Structures are given as C-alpha cells and as structure tokens.
>>> print(open('coords-v7.csv').read())   # CSV, C-alpha atoms and all ligand atoms
chain,number,residue,atom,x,y,z
A,20,LEU,CA,-118.7,1.5,-13.1
A,21,ASN,CA,-119.6,-0.5,-10.0
A,22,PHE,CA,-116.7,0.3,-7.7
A,23,ASN,CA,-117.2,-1.8,-4.6
A,24,GLY,CA,-120.9,-0.9,-4.4
A,25,TYR,CA,-120.6,2.7,-5.5
A,26,ASP,CA,-121.1,4.2,-8.9
A,27,ILE,CA,-118.1,6.5,-9.5
A,28,ASP,CA,-117.7,8.2,-12.9
A,29,PHE,CA,-114.1,7.2,-13.7
A,30,GLU,CA,-114.7,7.8,-17.4
A,31,ARG,CA,-115.1,11.4,-16.5
A,32,ALA,CA,-111.8,11.3,-14.6
A,33,ILE,CA,-109.9,9.6,-17.4
A,34,ALA,CA,-111.3,12.1,-19.9
A,35,PHE,CA,-110.2,15.0,-17.6
A,36,ILE,CA,-106.7,13.6,-17.1
A,37,LYS,CA,-106.3,13.2,-20.8
A,38,LYS,CA,-107.7,16.7,-21.6
A,39,LYS,CA,-105.5,18.3,-19.1
A,40,ASN,CA,-102.5,16.2,-20.1
A,41,ALA,CA,-101.9,15.6,-16.4
A,42,HIS,CA,-98.7,13.7,-15.4
A,43,THR,CA,-99.1,13.5,-11.6
A,44,ILE,CA,-102.6,13.2,-10.1
A,45,PHE,CA,-103.3,13.5,-6.4
A,46,VAL,CA,-106.3,11.4,-5.3
A,47,GLN,CA,-108.3,12.0,-2.1
A,48,LEU,CA,-110.5,9.1,-1.0
A,49,PRO,CA,-112.9,8.8,1.9
A,50,GLU,CA,-111.8,6.4,4.7
A,51,GLY,CA,-114.1,3.6,3.6
A,52,LEU,CA,-112.7,3.5,0.0
A,53,LYS,CA,-109.0,3.7,0.8
A,54,GLN,CA,-108.8,-0.1,1.1
A,55,TYR,CA,-109.5,-0.3,-2.6
A,56,MET,CA,-106.9,2.2,-3.7
A,57,ASN,CA,-104.9,-0.5,-5.6
A,58,GLN,CA,-107.9,-1.2,-7.8
A,59,LEU,CA,-108.3,2.5,-8.4
A,60,GLU,CA,-104.7,3.0,-9.3
A,61,ASP,CA,-104.9,0.0,-11.8
A,62,LEU,CA,-107.9,1.6,-13.4
A,63,PHE,CA,-106.1,4.9,-14.0
A,64,ILE,CA,-102.9,3.3,-15.1
A,65,GLN,CA,-104.7,1.0,-17.6
A,66,GLN,CA,-106.2,4.0,-19.3
A,67,VAL,CA,-103.4,6.5,-18.9
A,68,PRO,CA,-100.2,4.5,-18.6
A,69,ASP,CA,-97.8,7.4,-18.1
A,70,VAL,CA,-99.6,9.0,-15.2
A,71,HIS,CA,-98.3,9.0,-11.7
A,72,VAL,CA,-101.0,8.4,-9.1
A,73,VAL,CA,-100.4,9.8,-5.5
A,74,ILE,CA,-103.0,8.8,-2.9
A,75,GLY,CA,-103.6,11.1,0.1
A,76,ALA,CA,-103.2,8.8,3.1
A,77,ASP,CA,-104.3,11.4,5.7
A,78,PRO,CA,-107.9,11.1,6.9
A,79,CYS,CA,-110.4,12.8,4.7
A,80,TYR,CA,-113.9,13.2,6.0
A,81,GLY,CA,-115.4,15.8,3.7
A,82,ALA,CA,-115.1,18.1,0.8
A,83,CYS,CA,-114.0,20.7,3.3
A,84,ASP,CA,-110.6,19.0,3.5
A,85,LEU,CA,-108.7,19.8,0.3
A,86,PRO,CA,-104.9,19.9,0.4
A,87,CYS,CA,-103.1,23.2,0.2
A,88,ASP,CA,-102.0,24.4,-3.3
A,89,ASP,CA,-98.4,24.9,-2.2
A,90,GLU,CA,-98.1,21.3,-1.0
A,91,LEU,CA,-99.4,19.9,-4.2
A,92,SER,CA,-97.2,22.2,-6.3
A,93,ALA,CA,-94.2,21.0,-4.4
A,94,LEU,CA,-95.0,17.4,-5.4
A,95,ASP,CA,-95.5,18.5,-9.0
A,96,VAL,CA,-99.1,17.5,-8.9
A,97,ASP,CA,-101.1,18.9,-11.8
A,98,LEU,CA,-104.5,17.5,-11.1
A,99,LEU,CA,-106.4,16.9,-7.9
A,100,ILE,CA,-109.3,14.3,-7.9
A,101,HIS,CA,-111.5,14.3,-4.8
A,102,ILE,CA,-113.6,11.2,-4.6
A,103,GLY,CA,-116.7,10.5,-2.4
A,104,HIS,CA,-117.9,14.0,-1.6
A,105,THR,CA,-119.6,16.7,-3.6
A,106,ILE,CA,-118.3,20.2,-4.0
A,107,ILE,CA,-119.0,22.8,-1.2
A,108,PRO,CA,-120.0,25.8,-3.3
A,109,SER,CA,-119.5,28.4,-0.5
A,110,MET,CA,-116.0,27.2,0.3
A,111,LYS,CA,-113.2,29.6,-0.5
A,112,TYR,CA,-110.5,27.4,-2.1
A,113,LYS,CA,-108.1,29.1,-4.4
A,114,SER,CA,-105.8,26.7,-6.3
A,115,SER,CA,-103.8,26.9,-9.5
A,116,ILE,CA,-104.2,23.1,-9.8
A,117,ASP,CA,-107.1,21.6,-11.7
A,118,LEU,CA,-109.7,20.0,-9.4
A,119,LEU,CA,-112.3,17.4,-10.1
A,120,PHE,CA,-115.0,16.1,-7.6
A,121,LEU,CA,-116.3,12.6,-8.2
A,122,ASN,CA,-119.2,11.6,-6.1
A,123,ALA,CA,-119.6,8.0,-5.0
A,124,SER,CA,-123.3,7.2,-5.6
A,125,SER,CA,-124.5,4.2,-3.6
A,126,LEU,CA,-125.8,1.2,-5.7
A,127,HIS,CA,-127.4,-0.3,-2.7
A,128,PRO,CA,-131.2,-0.7,-3.2
A,129,ILE,CA,-133.3,1.6,-1.0
A,130,ASP,CA,-136.9,0.5,-1.9
A,131,PRO,CA,-137.3,-2.1,0.9
A,132,VAL,CA,-136.2,0.2,3.7
A,133,VAL,CA,-137.9,3.3,2.5
A,134,THR,CA,-141.2,1.4,2.1
A,135,LYS,CA,-140.8,0.2,5.7
A,136,ALA,CA,-140.0,3.8,6.8
A,137,ALA,CA,-143.1,5.1,5.1
A,138,ARG,CA,-145.3,3.0,7.4
A,139,VAL,CA,-143.9,4.6,10.6
A,140,LEU,CA,-143.4,8.2,9.4
A,141,LYS,CA,-145.6,10.8,11.1
A,142,GLY,CA,-147.1,12.7,8.2
A,143,PRO,CA,-148.7,13.8,6.1
A,144,ALA,CA,-145.9,16.2,5.2
A,145,ILE,CA,-142.4,14.7,5.2
A,146,GLY,CA,-139.0,16.4,4.6
A,147,VAL,CA,-136.6,14.1,2.9
A,148,VAL,CA,-132.8,14.5,3.4
A,149,THR,CA,-129.8,12.4,2.7
A,150,THR,CA,-126.1,12.5,2.1
A,151,ALA,CA,-124.1,12.7,-1.2
A,152,GLN,CA,-124.1,8.9,-1.6
A,153,HIS,CA,-127.9,8.8,-2.0
A,154,LEU,CA,-128.8,12.1,-3.7
A,155,HIS,CA,-129.5,10.3,-7.0
A,156,GLN,CA,-132.1,8.2,-5.2
A,157,ILE,CA,-134.2,11.2,-4.0
A,158,PRO,CA,-136.8,10.9,-6.8
A,159,GLN,CA,-137.2,7.2,-6.0
A,160,ILE,CA,-137.6,8.0,-2.3
A,161,LYS,CA,-140.2,10.7,-3.1
A,162,ASN,CA,-142.2,8.2,-5.3
A,163,ILE,CA,-142.3,5.6,-2.6
A,164,LEU,CA,-143.5,8.0,0.0
A,165,GLU,CA,-146.1,9.5,-2.3
A,166,GLU,CA,-147.4,6.0,-3.2
A,167,ASN,CA,-147.9,5.6,0.6
A,168,GLY,CA,-150.1,8.7,0.8
A,169,LEU,CA,-147.4,11.1,2.1
A,170,THR,CA,-146.6,14.6,0.8
A,171,VAL,CA,-142.9,15.1,0.2
A,172,PHE,CA,-140.8,18.3,0.6
A,173,ILE,CA,-137.2,18.5,-0.5
A,174,GLY,CA,-135.4,21.6,0.8
A,175,GLU,CA,-133.1,23.8,-1.3
A,176,GLY,CA,-130.4,24.4,1.4
A,177,ASP,CA,-127.8,27.1,1.4
A,178,LYS,CA,-124.6,27.4,-0.5
A,179,ARG,CA,-122.8,24.9,1.7
A,180,VAL,CA,-124.6,22.1,0.0
A,181,SER,CA,-124.4,21.1,-3.6
A,182,ALA,CA,-127.9,19.7,-4.2
A,183,GLN,CA,-131.5,19.9,-2.9
A,184,GLY,CA,-132.1,17.6,0.1
A,185,GLN,CA,-128.4,17.2,0.9
A,186,VAL,CA,-127.3,17.4,4.5
A,187,LEU,CA,-123.7,17.5,5.8
A,188,GLY,CA,-122.7,16.9,9.4
A,189,CYS,CA,-122.1,20.6,9.6
A,190,ASN,CA,-125.1,21.9,7.7
A,191,PHE,CA,-128.8,21.1,7.9
A,192,SER,CA,-130.1,24.1,5.9
A,193,ALA,CA,-131.9,21.7,3.4
A,194,ALA,CA,-134.0,20.6,6.4
A,195,THR,CA,-134.4,23.8,8.4
A,196,CYS,CA,-135.7,25.7,5.3
A,197,ILE,CA,-138.7,23.4,5.1
A,198,ARG,CA,-139.3,23.1,8.8
A,199,SER,CA,-142.6,25.0,8.9
A,200,LYS,CA,-144.0,22.8,6.1
A,201,VAL,CA,-143.2,19.3,7.4
A,202,ASP,CA,-144.5,17.1,10.3
A,203,SER,CA,-141.3,15.0,10.4
A,204,TYR,CA,-138.2,14.1,8.5
A,205,LEU,CA,-136.9,11.0,6.8
A,206,TYR,CA,-133.1,10.6,6.7
A,207,VAL,CA,-131.9,8.0,4.2
A,208,GLY,CA,-128.3,6.9,5.0
A,209,SER,CA,-126.1,5.2,7.6
A,210,GLY,CA,-124.8,6.4,10.9
A,211,PHE,CA,-126.2,8.5,13.7
A,212,PHE,CA,-124.4,11.8,13.4
A,213,HIS,CA,-126.4,13.3,10.6
A,214,PRO,CA,-129.8,12.4,12.0
A,215,LEU,CA,-128.7,13.6,15.4
A,216,GLY,CA,-127.8,17.0,14.0
A,217,LEU,CA,-131.0,17.0,12.0
A,218,SER,CA,-133.1,16.3,15.1
A,219,LEU,CA,-131.2,19.0,17.2
A,220,SER,CA,-131.5,21.5,14.4
A,221,THR,CA,-135.1,21.0,13.6
A,222,GLN,CA,-136.6,19.7,16.9
A,223,LYS,CA,-139.0,17.6,14.8
A,224,PRO,CA,-139.3,13.8,14.7
A,225,VAL,CA,-136.7,12.0,12.6
A,226,VAL,CA,-136.9,8.5,11.1
A,227,ILE,CA,-133.7,6.9,9.8
A,228,ALA,CA,-133.9,4.5,6.9
A,229,ASP,CA,-130.5,2.8,6.6
A,230,PRO,CA,-130.2,1.0,3.3
A,231,TYR,CA,-127.2,-1.0,4.3
A,232,THR,CA,-128.8,-2.7,7.4
A,233,GLU,CA,-132.3,-2.3,6.0
A,234,LYS,CA,-133.3,-1.0,9.5
A,235,VAL,CA,-135.7,1.8,10.2
A,236,ILE,CA,-134.6,3.5,13.4
A,237,THR,CA,-136.5,6.0,15.6
A,238,LYS,CA,-136.2,5.0,19.3
A,239,GLU,CA,-132.5,4.4,19.3
A,240,LEU,CA,-132.0,7.9,17.8
A,241,GLU,CA,-134.0,9.4,20.7
A,242,GLU,CA,-131.9,7.5,23.2
A,243,ILE,CA,-128.6,8.7,21.5
A,244,LYS,CA,-130.0,12.3,21.5
A,245,ASP,CA,-130.8,12.2,25.2
A,246,ARG,CA,-127.3,10.8,26.0
A,247,VAL,CA,-125.6,13.5,23.8
A,248,ILE,CA,-127.7,16.3,25.4
A,249,ARG,CA,-126.7,15.1,28.9
A,250,GLN,CA,-123.0,15.0,27.8
A,251,ARG,CA,-123.3,18.5,26.3
A,252,TYR,CA,-124.9,19.8,29.5
A,253,GLY,CA,-121.9,18.3,31.5
A,254,ALA,CA,-119.4,19.9,29.1
A,255,ILE,CA,-121.1,23.3,29.4
A,256,THR,CA,-121.1,23.1,33.2
A,257,GLN,CA,-117.3,22.5,33.1
A,258,ALA,CA,-116.9,25.3,30.6
A,259,LYS,CA,-118.6,27.8,32.9
A,260,MET,CA,-115.8,27.2,35.5
A,261,ALA,CA,-112.9,27.7,33.0
A,262,GLU,CA,-110.6,30.7,33.3
A,263,ASN,CA,-108.4,30.0,30.2
A,264,TYR,CA,-110.0,29.1,26.9
A,265,GLY,CA,-108.3,27.8,23.7
A,266,ILE,CA,-110.2,28.7,20.5
A,267,LEU,CA,-109.5,26.1,17.9
A,268,VAL,CA,-109.3,27.5,14.3
A,269,GLY,CA,-109.3,25.0,11.4
A,270,LEU,CA,-106.7,25.1,8.7
A,271,LYS,CA,-108.7,22.9,6.3
A,272,PRO,CA,-110.2,25.2,3.7
A,273,GLY,CA,-113.8,24.4,4.4
A,274,GLN,CA,-113.4,24.6,8.2
A,275,GLN,CA,-111.7,28.0,8.4
A,276,ARG,CA,-113.8,30.3,10.6
A,277,MET,CA,-111.3,32.9,11.6
A,278,ASN,CA,-113.7,35.8,11.8
A,279,TYR,CA,-116.0,33.7,13.9
A,280,ALA,CA,-113.1,32.8,16.2
A,281,LEU,CA,-112.2,36.5,16.6
A,282,LYS,CA,-115.7,37.3,17.7
A,283,ILE,CA,-115.5,34.4,20.2
A,284,LYS,CA,-112.3,35.7,21.5
A,285,GLN,CA,-113.8,39.1,22.0
A,286,LYS,CA,-116.8,37.6,23.9
A,287,ILE,CA,-114.5,35.8,26.2
A,288,GLN,CA,-112.4,38.9,26.8
A,289,GLU,CA,-115.5,40.9,27.8
A,290,THR,CA,-116.1,38.4,30.7
A,291,GLY,CA,-112.5,39.1,32.0
A,292,LYS,CA,-111.3,35.6,31.2
A,293,ASN,CA,-108.3,34.6,29.0
A,294,SER,CA,-108.5,33.1,25.5
A,295,TYR,CA,-105.9,32.0,23.0
A,296,LEU,CA,-106.4,31.3,19.2
A,297,LEU,CA,-104.9,28.0,18.2
A,298,THR,CA,-104.8,26.8,14.6
A,299,VAL,CA,-105.0,23.1,13.9
A,300,ASP,CA,-105.3,20.9,10.8
A,301,HIS,CA,-105.8,17.3,12.0
A,302,ILE,CA,-106.9,17.6,15.6
A,303,SER,CA,-105.9,14.9,18.1
A,304,PRO,CA,-105.9,14.5,21.9
A,305,LEU,CA,-102.1,14.7,21.7
A,306,ILE,CA,-102.3,18.3,20.4
A,307,LEU,CA,-104.6,19.4,23.2
A,308,ASP,CA,-102.3,17.8,25.8
A,309,THR,CA,-99.6,20.3,24.9
A,310,PHE,CA,-101.7,23.1,26.4
A,311,PRO,CA,-102.2,22.0,30.0
A,312,PHE,CA,-103.0,25.5,31.3
A,313,ILE,CA,-106.1,25.6,29.1
A,314,ASP,CA,-109.3,24.6,30.9
A,315,CYS,CA,-111.7,24.5,28.0
A,316,PHE,CA,-111.3,24.3,24.2
A,317,VAL,CA,-113.9,26.0,22.0
A,318,SER,CA,-113.9,24.2,18.6
A,319,THR,CA,-114.8,26.1,15.4
A,320,LEU,CA,-113.7,23.0,13.5
A,321,CYS,CA,-116.1,20.4,12.1
A,322,PRO,CA,-118.9,20.0,14.7
A,323,ARG,CA,-118.1,16.3,14.8
A,324,VAL,CA,-114.9,17.1,16.8
A,325,ALA,CA,-116.7,18.4,19.9
A,326,ILE,CA,-119.8,16.3,19.7
A,327,ASP,CA,-118.9,13.0,18.1
A,328,ASP,CA,-115.3,12.5,19.1
A,329,HIS,CA,-115.6,14.0,22.7
A,330,LEU,CA,-114.8,10.6,24.3
A,331,GLN,CA,-111.3,10.7,22.8
A,332,TYR,CA,-110.5,13.9,24.8
A,333,LYS,CA,-110.0,14.3,28.5
A,334,GLN,CA,-110.2,18.0,28.1
A,335,THR,CA,-113.5,20.0,28.0
A,336,LEU,CA,-114.3,20.6,24.3
A,337,ILE,CA,-117.3,22.6,23.4
A,338,THR,CA,-118.9,24.3,20.3
A,339,PRO,CA,-119.3,28.1,19.9
A,340,VAL,CA,-123.0,27.7,20.6
A,341,GLU,CA,-122.2,25.9,23.9
A,342,LEU,CA,-119.8,28.6,24.8
A,343,ASP,CA,-122.6,31.2,24.5
A,344,ILE,CA,-124.6,29.1,27.0
A,345,ALA,CA,-121.6,28.8,29.3
A,346,LEU,CA,-121.0,32.6,29.2
A,347,GLY,CA,-124.7,33.3,29.9
A,348,LYS,CA,-125.3,34.8,26.5
A,349,ARG,CA,-127.8,32.1,25.4
A,350,SER,CA,-130.2,29.9,27.5
A,351,TRP,CA,-129.9,26.2,27.6
A,352,ASP,CA,-133.5,25.9,26.3
A,353,THR,CA,-132.4,27.5,23.0
A,354,TYR,CA,-129.5,25.0,22.5
A,355,ILE,CA,-128.9,24.5,18.8
A,356,PHE,CA,-126.4,22.5,16.8
A,357,ASP,CA,-123.3,24.2,15.5
A,358,GLU,CA,-123.5,24.6,11.8
A,359,ILE,CA,-121.1,26.0,9.1
A,360,GLN,CA,-122.6,28.0,6.2
B,1,LIG,S1,-116.9,20.2,8.3
B,1,LIG,FE1,-117.2,18.1,9.0
B,1,LIG,S2,-119.3,17.7,8.5
B,1,LIG,FE2,-118.8,19.5,7.3
B,1,LIG,S3,-118.1,18.8,5.3
B,1,LIG,FE3,-116.3,18.9,6.6
B,1,LIG,S4,-116.0,16.8,7.6
B,1,LIG,FE4,-118.1,17.0,6.7
>>> encode(input="coords-v7.csv", output="structure tokens", more="lines below")
Ligand code: SF4
Amino acid sequence: LNFNGYDIDFERAIAFIKKKNAHTIFVQLPEGLKQYMNQLEDLFIQQVPDVHVVIGADPCYGACDLPCDDELSALDVDLLIHIGHTIIPSMKYKSSIDLLFLNASSLHPIDPVVTKAARVLKGPAIGVVTTAQHLHQIPQIKNILEENGLTVFIGEGDKRVSAQGQVLGCNFSAATCIRSKVDSYLYVGSGFFHPLGLSLSTQKPVVIADPYTEKVITKELEEIKDRVIRQRYGAITQAKMAENYGILVGLKPGQQRMNYALKIKQKIQETGKNSYLLTVDHISPLILDTFPFIDCFVSTLCPRVAIDDHLQYKQTLITPVELDIALGKRSWDTYIFDEIQ
C-alpha cells in the first residue's frame, strides 16, 4: 500500500491484529508520518471495526524508543505496532505485550540520483549504506554502481542493525566492518546526521545521494563536518574546566547504557571531580536547567542529543568519547563518533 510515499505492510498488521484478537492497539509513528494518523486509523477501523487505536503522541525517533510494558498494560493495550523503524536485535526489551515492527519503505525513485552519484564517487571500491527506508533498494543501488564500473561492498554490521548495509545515527558498524576494503562510501538517504557520523567513524570520503531532492552532496558535508568538529573542540575545552559532571542515563530501552555510565562515573571520580547519575526519558533544556550546579553533562543517550541538538542547550553537553579527551584519557587526534552496540 502506498501510504504517502511509503510502502507499509498494513495487511500484515491487520492479519496480526486479527490473529491476536487484539482489542486495543498502541501505534508508534515517526514524526514525519504522525500528520497522517487519521488515515492510518481509518485503515485499521475499516478492517477491524471493533479495535481501539491509540497513537503515541510523544516524539519517536527510533526503534530504541519503545514504551514501557507497565504503561501499556495500564491502558489495556494488547498489541504494540511500531511503524517506520526496523527492530534492533541487540536491544533488551522484555514485554508481555505482542509487538510488531512495520518498516516504511520509500517508494521514491533512486535511479537518477544514484546514477549521478556514481559519476563523482572515488572508486573503484564503494561501500554502500542507507537507512531503513531504502534497504529494499540496495540491490538496485548495487546494480547502478556496477554498471558504472564500480565494485560494491555491503557490510554486515553488528547486532544493533537489522540488515546488511543499514546505518543508524548511533551505529555505523555496517560501514566500519568494510573500511579496509573500500575507497569511499555512498550514503543513500536524506539529512546530514547519518553521513556525518559515517564520515567521522570511517574517516573516508562520503558521497550523499538524496533521492528526495535528487542532489548529490559532497562539499557541503565536508563543511558541516568542519563546523561540527570545531563545535566539539569547543565543548571539550569547556568540559576540561568542569568540576561537577552530570552523567545522563537513558530510560528508553534502546538507549540504556547503565554499565557504561557507571564506568564513566568511576573515571571522573579518579580525577577527584564530582559526578552524578541522572536518568532521563525525553531530554530537554528545561530538564538540564534544574541542575544549575552541574558544569558539564555527559550524555550516554542517543548521540544526536550532544551533537545534533547542542544548539538547544546553553549547558556543555558532551559524549563519553569527548569526556575521555577532556580527562586526558584519549587524544584529540583519535576523536571518534559515539556509537551504541
Ligand atoms: S539511539 Fe538515536 S540514532 Fe540510535 S536508534 Fe535511537 S534514535 Fe536512532
């Protein structure tokens, strides 16, 4: 079914609802699809008239962000449908409520932009990566590049990703595992955060092929990378002067890194400085404002928080890798992107 430019397997969802005899379903949608939730509800109700559909209105940026079992049980939800992201196999999520992931596969054509990208890629060996929306188009991407005389590598990735060639904003293992074999990478998708992480994780040239704008981007990414590196250097300089650190620990099931946070606390303690563990679900500037005595926050949450959203915060917010640099345990030359496994 073409749902506003995405192929979403609603037949599978309907069959699952009927099979499980579900009465109340909780649907999580990515931000871009929430505006169509009325169409989605109509679709479900037409097929299963007795079902109650509850839409999660909180922001949902990834499969890491599943609601807690107790909350759903309290609402008498008997089925959770998560749309727009693929399962994170390594994530520990225990729930008595049935769960179905439905990917939203882009129906946007990719041939024109990938053909354009093939002409600027530095080969001959190219690593191809993309997001969940374009995973089904990887064979097509591979064909186009091969027709242009390039050799294509698709990395397996670790257990954080659900398919070969998939990258998340917090995981570039499908790219780093083929690093020694490739001359450069092609990222098919929109936005700059994934290709930025890809570039910082692999330190190899990255070309973006954006199917929605049909633009092939190289120079702008380098400019963004330079700007981000300067920002990060500034944040680390501030972090060096901090005496009180707040370590942010995520409550979202796929962002919980408590053991990592404890190790960070120990490292800070060893330097004679103070640190506090702070749990958080949806982070916001308002939350950080309530701890005025904290000079620097170390985020073990989604890496986007410290790197992509930093302009929202007046406080110093750094990743654990950046803390290592601030504490003198890692050199700036070996800066790497924070990833979750
Ligand atoms: S941690 Fe961030 S990048 Fe990773 S899956 Fe969650 S929202 Fe996406």
>>> residues_around(input="coords-v7.csv", residues="A:Pro322", least_positions_apart="6", cutoff="9 Å", atoms="all atoms listed in the file", output="list in words")
Gly188, Cys189, Thr338, Phe356, Asp357, Glu358 and Ile359 of chain A
>>> write_last_selection(input="coords-v7.csv", atoms="C-alpha atoms", output="PDB file, keeping the file's coordinate frame")
ATOM      1  CA  GLY A 188    -122.700  16.900   9.400  1.00  0.00           C
ATOM      2  CA  CYS A 189    -122.100  20.600   9.600  1.00  0.00           C
ATOM      3  CA  THR A 338    -118.900  24.300  20.300  1.00  0.00           C
ATOM      4  CA  PHE A 356    -126.400  22.500  16.800  1.00  0.00           C
ATOM      5  CA  ASP A 357    -123.300  24.200  15.500  1.00  0.00           C
ATOM      6  CA  GLU A 358    -123.500  24.600  11.800  1.00  0.00           C
ATOM      7  CA  ILE A 359    -121.100  26.000   9.100  1.00  0.00           C
TER       8      ILE A 359
END
>>> closest_residue(input="coords-v7.csv", among="A:Ile248, A:Leu94, A:Leu59, A:Cys196", to="A:Asn21", atoms="all atoms listed in the file")
A:Leu59
>>> closest_atom_pairs(input="coords-v7.csv", of="chain A", to="ligand LIG 1 (chain B)", cutoff="8 Å", atoms="only C-alpha atoms and all ligand atoms", output="Markdown table")
| residue | atom | partner | partner_atom | distance |
| --- | --- | --- | --- | --- |
| A:Cys79 | CA | B:LIG1 | S4 | 7.5 |
| A:Tyr80 | CA | B:LIG1 | S4 | 4.5 |
| A:Gly81 | CA | B:LIG1 | S4 | 4.1 |
| A:Ala82 | CA | B:LIG1 | S3 | 5.5 |
| A:Cys83 | CA | B:LIG1 | FE3 | 4.4 |
| A:Asp84 | CA | B:LIG1 | FE3 | 6.5 |
| A:Ile107 | CA | B:LIG1 | S3 | 7.7 |
| A:Leu187 | CA | B:LIG1 | S2 | 5.2 |
| A:Gly188 | CA | B:LIG1 | S2 | 3.6 |
| A:Cys189 | CA | B:LIG1 | FE2 | 4.2 |
| A:Asn190 | CA | B:LIG1 | FE2 | 6.8 |
| A:Gly273 | CA | B:LIG1 | FE3 | 6.4 |
| A:Gln274 | CA | B:LIG1 | S1 | 5.6 |
| A:Leu320 | CA | B:LIG1 | S1 | 6.7 |
| A:Cys321 | CA | B:LIG1 | S1 | 3.9 |
| A:Pro322 | CA | B:LIG1 | FE1 | 6.2 |
| A:Arg323 | CA | B:LIG1 | FE1 | 6.1 |
| A:Ile359 | CA | B:LIG1 | FE2 | 7.1 |
>>> write_last_selection(input="coords-v7.csv", atoms="C-alpha atoms", output="CSV table (one decimal), in the coordinates of the input")
chain,number,residue,atom,x,y,z
A,79,CYS,CA,-110.4,12.8,4.7
A,80,TYR,CA,-113.9,13.2,6.0
A,81,GLY,CA,-115.4,15.8,3.7
A,82,ALA,CA,-115.1,18.1,0.8
A,83,CYS,CA,-114.0,20.7,3.3
A,84,ASP,CA,-110.6,19.0,3.5
A,107,ILE,CA,-119.0,22.8,-1.2
A,187,LEU,CA,-123.7,17.5,5.8
A,188,GLY,CA,-122.7,16.9,9.4
A,189,CYS,CA,-122.1,20.6,9.6
A,190,ASN,CA,-125.1,21.9,7.7
A,273,GLY,CA,-113.8,24.4,4.4
A,274,GLN,CA,-113.4,24.6,8.2
A,320,LEU,CA,-113.7,23.0,13.5
A,321,CYS,CA,-116.1,20.4,12.1
A,322,PRO,CA,-118.9,20.0,14.7
A,323,ARG,CA,-118.1,16.3,14.8
A,359,ILE,CA,-121.1,26.0,9.1
>>> closest_atom_pairs(input="coords-v7.csv", of="stretch 312-339 of chain A", to="stretch 290-301 of chain A", cutoff="10 Å", atoms="all atoms listed in the file", output="CSV")
residue,atom,partner,partner_atom,distance
A:Ile313,CA,A:Ser294,CA,8.7
A:Cys315,CA,A:Ser294,CA,9.5
A:Phe316,CA,A:Ser294,CA,9.3
A:Val317,CA,A:Ser294,CA,9.6
A:Ser318,CA,A:Leu297,CA,9.8
A:Leu320,CA,A:Val299,CA,8.7
>>> write_last_selection(input="coords-v7.csv", atoms="C-alpha atoms", output="PDB file, in the frame of the given file")
ATOM      1  CA  ILE A 313    -106.100  25.600  29.100  1.00  0.00           C
ATOM      2  CA  CYS A 315    -111.700  24.500  28.000  1.00  0.00           C
ATOM      3  CA  PHE A 316    -111.300  24.300  24.200  1.00  0.00           C
ATOM      4  CA  VAL A 317    -113.900  26.000  22.000  1.00  0.00           C
ATOM      5  CA  SER A 318    -113.900  24.200  18.600  1.00  0.00           C
ATOM      6  CA  LEU A 320    -113.700  23.000  13.500  1.00  0.00           C
TER       7      LEU A 320
END
>>> residues_around(input="coords-v7.csv", residues="A:Ala280", least_positions_apart="3", cutoff="8 Å", atoms="all atoms listed in the file", output="CSV table (one decimal) with C-alpha atoms, in the frame of the given file")
chain,number,residue,atom,x,y,z
A,266,ILE,CA,-110.2,28.7,20.5
A,267,LEU,CA,-109.5,26.1,17.9
A,268,VAL,CA,-109.3,27.5,14.3
A,276,ARG,CA,-113.8,30.3,10.6
A,277,MET,CA,-111.3,32.9,11.6
A,283,ILE,CA,-115.5,34.4,20.2
A,284,LYS,CA,-112.3,35.7,21.5
A,296,LEU,CA,-106.4,31.3,19.2
A,319,THR,CA,-114.8,26.1,15.4
>>> closest_residue(input="coords-v7.csv", among="A:Gln47, A:Ser124, A:Gln66, A:Ser181", to="A:Phe35", atoms="all atoms listed in the file")
A:Gln66
>>> atom_distance(input="coords-v7.csv", atom1="atom CA of A:Ile116", atom2="atom CA of A:Asp88")
7.0 Å
>>> residues_near_point(input="coords-v7.csv", point="(-123.2, 7.3, -9.7)", cutoff="7 Å", atoms="only C-alpha atoms", output="PDB file with C-alpha atoms, keeping the file's coordinate frame")
ATOM      1  CA  TYR A  25    -120.600   2.700  -5.500  1.00  0.00           C
ATOM      2  CA  ASP A  26    -121.100   4.200  -8.900  1.00  0.00           C
ATOM      3  CA  ILE A  27    -118.100   6.500  -9.500  1.00  0.00           C
ATOM      4  CA  ASP A  28    -117.700   8.200 -12.900  1.00  0.00           C
ATOM      5  CA  ASN A 122    -119.200  11.600  -6.100  1.00  0.00           C
ATOM      6  CA  ALA A 123    -119.600   8.000  -5.000  1.00  0.00           C
ATOM      7  CA  SER A 124    -123.300   7.200  -5.600  1.00  0.00           C
ATOM      8  CA  SER A 125    -124.500   4.200  -3.600  1.00  0.00           C
TER       9      SER A 125
END
>>> atom_distance(input="coords-v7.csv", atom1="atom CA of A:Ile255", atom2="atom CA of A:Ala345")
5.5 Å
>>> closest_residue(input="coords-v7.csv", among="A:Ile355, A:Val340, A:Val226, A:Leu307", to="A:Tyr279", atoms="all atoms listed in the file")
A:Val340
>>> closest_residue(input="coords-v7.csv", among="A:His155, A:Ala76, A:Phe45, A:Gly24", to="A:Leu91", atoms="only C-alpha atoms")
A:Phe45
>>> atom_distance(input="coords-v7.csv", atom1="atom CA of A:Tyr206", atom2="atom CA of A:Thr150")
8.6 Å
>>> decode(input="coords-v7.csv", residues="stretch 240-255 of chain A", atoms="C-alpha atoms", output="compact mmCIF listing (two decimals), in the first residue's frame")
# COMPACT_ATOMS: atom_id res chain seq x y z
CA LEU A 240 29.07 17.57 4.10
CA GLU A 241 32.76 18.46 4.50
CA GLU A 242 31.77 21.98 5.54
CA ILE A 243 29.28 20.64 8.11
CA LYS A 244 31.89 18.20 9.40
CA ASP A 245 34.44 21.01 9.87
CA ARG A 246 31.85 23.09 11.72
CA VAL A 247 30.83 20.19 13.98
CA ILE A 248 34.46 19.36 14.77
CA ARG A 249 35.08 22.97 15.79
CA GLN A 250 31.94 22.88 18.00
CA ARG A 251 33.03 19.63 19.60
CA TYR A 252 36.52 21.01 20.26
CA GLY A 253 34.90 23.98 22.00
CA ALA A 254 32.64 21.72 24.10
CA ILE A 255 35.62 19.57 25.14
